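Scroll down for the structure; my scribbles are underneath it.
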Amino acid sequence: MIVMGGPASGKGTQCQAIAEMHGLVHLSTGDMLRQAVSSDNDKRPPHISTIKKCMEEGNLIPDDVIVRLVLDRLRSPDCQKQGWLLDGFPRTQNQARALQKAGIDPDTFLFLSVPDDVAIRRVVGRRHDPMTGKVYHLDWNPPPSDEIKQRLVIRSDDTLQSMKQRLKQFRDNANAVKGCYKNIVEIDGLGTPEEVLRDINSSLKLAQRKHRV
């Protein structure tokens with residue numbers, strides 16, 4: 001399964017819940033990248049060395065390198081046995097076509113749809129507590145005291161300008177990626193996490209029945 005959704009769509013929360021519920025291996029490229037470069041092994045493959053260098057220098061990782069990393073993980077025994085859930089990958093049409101060329105064809109492509117104005121509200125109201133690591137939202141989950149409120153900080157990518165740019169980048173690529181797949185299940189991501197998960201499970205069951213016919 002592939003799950004795609006824009007910034008603040010709730011994708012990460014839903015991916016974790018789906019993977020746990022269905023026993024799938026949850027694959028996030030961010031986690032894979034961190035794991036790949038965490039080893040100090042001098043005999044690491046060339047593509048891992050490239051990833052490490054790009055991350056250290058703050059450069060974008062080339063598509064062919066990150067696709068290689070994902071393919072290696074998809075071919076591992078746990079993914080072959082349990083099935084897998086790709087969280088937010090592929091991000092571009094080139095990445096999607098590279099997966100297809102390698103014979104990777106998901107049973108379902110799940111797309112979480114959230115209007116831009118809602119996504120922006122979700123993000124710009126977020127505040128982080130540097131002392132506890134907790135995340136609050138000024139409208140929906142406000143801090144319990146003025147003392148906590150005064151020490152809250154805004155992450156650099158939680159600003160309105162940053163969010164608009166992230167949404168533009170996502171929209172520029174989303175339709176091209178969706179065009180590479182057939183079994184697309186589109187979910188309204190406006191409800192609570194529990195409501196959205198119920199809609200996802202209902203839609204997945206319906207898609208599975210259609211697939212068997």
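As shown in the structure tokens, the chain order sets the letters A, B, ...; within each chain, residues go from 1, and ligands are also counted from 1 in the order they appear.
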request  = Using DSSP on the backbone coordinates, identify all residues within stretch 3-204 of chain A classified as alpha helix (DSSP H); present the result as a VMD selection string.
outcome  = chain A and resid 11 to 22 29 to 38 46 to 57 63 to 74 77 to 82 93 to 101 116 to 124 146 to 151 160 to 178 193 to 204
request  = Find the residues around A:Tyr136 up to 6 Å (only C-alpha atoms counted), leave out those fewer than 4 positions away in its own chain, and share them as a PyMOL selection string.
outcome  = chain A and resi 126-127+141-142
request  = Write out as a ChimeraX atom specification the residues lying within 12 Å of A:Lys182, counting only C-alpha atoms and excluding same-chain residues fewer than 6 positions away.
outcome  = /A:2,105-110,207,211
Residues just named, written with C-alpha atoms as a PDB file, in the first residue's frame:
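To be explicit, this is the file written out as selection_33.pdb:
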```
ATOM      1  CA  ILE A   2       1.075   3.556  -0.729  1.00  0.00           C
ATOM      2  CA  ASP A 105       2.723  -2.259  -7.823  1.00  0.00           C
ATOM      3  CA  PRO A 106       0.694  -1.541  -4.657  1.00  0.00           C
ATOM      4  CA  ASP A 107      -2.681  -3.174  -4.102  1.00  0.00           C
ATOM      5  CA  THR A 108      -4.013   0.224  -2.991  1.00  0.00           C
ATOM      6  CA  PHE A 109      -2.987   3.863  -3.395  1.00  0.00           C
ATOM      7  CA  LEU A 110      -4.565   5.804  -0.529  1.00  0.00           C
ATOM      8  CA  ALA A 207     -11.670  -1.903  -2.481  1.00  0.00           C
ATOM      9  CA  HIS A 211     -10.380  -6.444  -6.338  1.00  0.00           C
TER      10      HIS A 211
END
```
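You can rank A:Ile66, A:Asn201, A:Ala17, A:Ser9 by their closest distance to A:Pro90 using only C-alpha atoms, and at the top of that list sits A:Ile66.
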ask   = Skipping near chain neighbours, those fewer than 4 positions away, what residues fall within 12 Å of stretch 31-37 of chain A using only C-alpha atoms, listed as a PyMOL selection string?
value = chain A and resi 26-27+41-42+44-56+61+65-74+86-89
DSSP on the backbone: what in stretch 13-64 of chain A comes out strand (DSSP E or B), as a PDB file with C-alpha atoms, in the first residue's frame?
```
ATOM      1  CA  VAL A  25       5.588  -2.940   7.777  1.00  0.00           C
ATOM      2  CA  HIS A  26       5.407   0.861   8.074  1.00  0.00           C
ATOM      3  CA  LEU A  27       8.045   2.389   5.777  1.00  0.00           C
ATOM      4  CA  SER A  28       8.877   6.070   6.101  1.00  0.00           C
TER       5      SER A  28
END
```
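The smallest atom-to-atom distance between A:Thr192 and any of A:Leu24, A:Pro143, A:Ala176, A:Gln14, using only C-alpha atoms, is found for A:Gln14.
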inquiry  = I'd like the neighbourhood of A:Val123 as number ranges by chain, where a residue qualifies if any of its atoms comes within 12 Å (using only C-alpha atoms), though same-chain residues fewer than 3 positions away should be ignored.
reply    = A: 6-10, 116-120, 126-128, 135-140, 154-164, 166-167
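Distances here use only C-alpha atoms; by that measure, the residue among A:Ser38, A:Thr29, A:Thr92, A:Gln82 closest to A:Lys178 is A:Thr92.
Of the residues listed (A:Glu147, A:Lys101, A:Leu85, A:Lys168), A:Leu85 shows the shortest atom-to-atom separation from A:Gln16; distances use only C-alpha atoms.
The shortest atom-to-atom distance to A:Met4, with only C-alpha atoms taken into account, belongs to A:Leu112 out of A:Leu190, A:Ile148, A:Ile200, A:Leu112.
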Need the shell around A:Gly23: protein/DNA/RNA residues with any atom at most 9 Å away, counting only C-alpha atoms. Skip same-chain ones fewer than 3 positions apart. Format as a CSV table (one decimal) with all heavy atoms, in the first residue's frame?
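What landed in selection_1.csv:
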```
chain,number,residue,atom,x,y,z
A,18,ILE,N,-2.9,2.3,10.5
A,18,ILE,CA,-3.2,1.3,9.4
A,18,ILE,C,-2.2,0.2,9.5
A,18,ILE,O,-2.6,-1.0,9.5
A,18,ILE,CB,-3.2,1.9,8.0
A,18,ILE,CG1,-4.3,3.0,7.9
A,18,ILE,CG2,-3.3,0.9,7.0
A,18,ILE,CD1,-4.1,3.8,6.6
A,19,ALA,N,-0.9,0.5,9.6
A,19,ALA,CA,0.1,-0.5,9.7
A,19,ALA,C,-0.1,-1.4,10.9
A,19,ALA,O,0.0,-2.7,10.8
A,19,ALA,CB,1.5,0.1,9.8
A,20,GLU,N,-0.4,-0.8,12.1
A,20,GLU,CA,-0.6,-1.6,13.3
A,20,GLU,C,-1.9,-2.5,13.1
A,20,GLU,O,-1.9,-3.7,13.5
A,20,GLU,CB,-0.8,-0.7,14.5
A,20,GLU,CG,0.6,0.0,14.9
A,20,GLU,CD,0.4,0.9,16.0
A,20,GLU,OE1,-0.8,1.1,16.5
A,20,GLU,OE2,1.4,1.5,16.5
A,26,HIS,N,5.6,-0.6,8.3
A,26,HIS,CA,5.4,0.9,8.1
A,26,HIS,C,6.7,1.4,7.6
A,26,HIS,O,7.7,1.4,8.4
A,26,HIS,CB,4.9,1.5,9.4
A,26,HIS,CG,4.7,3.0,9.2
A,26,HIS,ND1,4.5,3.8,10.3
A,26,HIS,CD2,4.7,3.8,8.1
A,26,HIS,CE1,4.3,5.1,9.9
A,26,HIS,NE2,4.5,5.1,8.6
A,82,GLN,N,5.0,-9.9,5.4
A,82,GLN,CA,3.9,-9.2,6.1
A,82,GLN,C,3.1,-8.2,5.2
A,82,GLN,O,2.0,-7.9,5.4
A,82,GLN,CB,4.4,-8.4,7.3
A,82,GLN,CG,5.0,-9.2,8.4
A,82,GLN,CD,5.6,-8.3,9.4
A,82,GLN,OE1,6.8,-8.4,9.8
A,82,GLN,NE2,4.9,-7.3,9.9
A,83,GLY,N,3.8,-7.8,4.1
A,83,GLY,CA,3.2,-6.7,3.3
A,83,GLY,C,3.8,-5.4,3.8
A,83,GLY,O,4.3,-5.3,4.9
A,84,TRP,N,3.6,-4.3,3.1
A,84,TRP,CA,4.2,-3.0,3.4
A,84,TRP,C,3.3,-1.9,3.2
A,84,TRP,O,2.3,-1.9,2.4
A,84,TRP,CB,5.5,-2.9,2.6
A,84,TRP,CG,5.4,-3.2,1.2
A,84,TRP,CD1,5.7,-4.4,0.6
A,84,TRP,CD2,4.9,-2.3,0.1
A,84,TRP,NE1,5.5,-4.3,-0.8
A,84,TRP,CE2,5.0,-3.1,-1.1
A,84,TRP,CE3,4.5,-1.0,0.1
A,84,TRP,CZ2,4.6,-2.6,-2.3
A,84,TRP,CZ3,4.1,-0.5,-1.2
A,84,TRP,CH2,4.1,-1.3,-2.3
```
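Of the listed residues (A:Ser113, A:Asn59, A:Gln95, A:Asn173), A:Ser113 comes nearest to A:Glu186; the distances count only C-alpha atoms.
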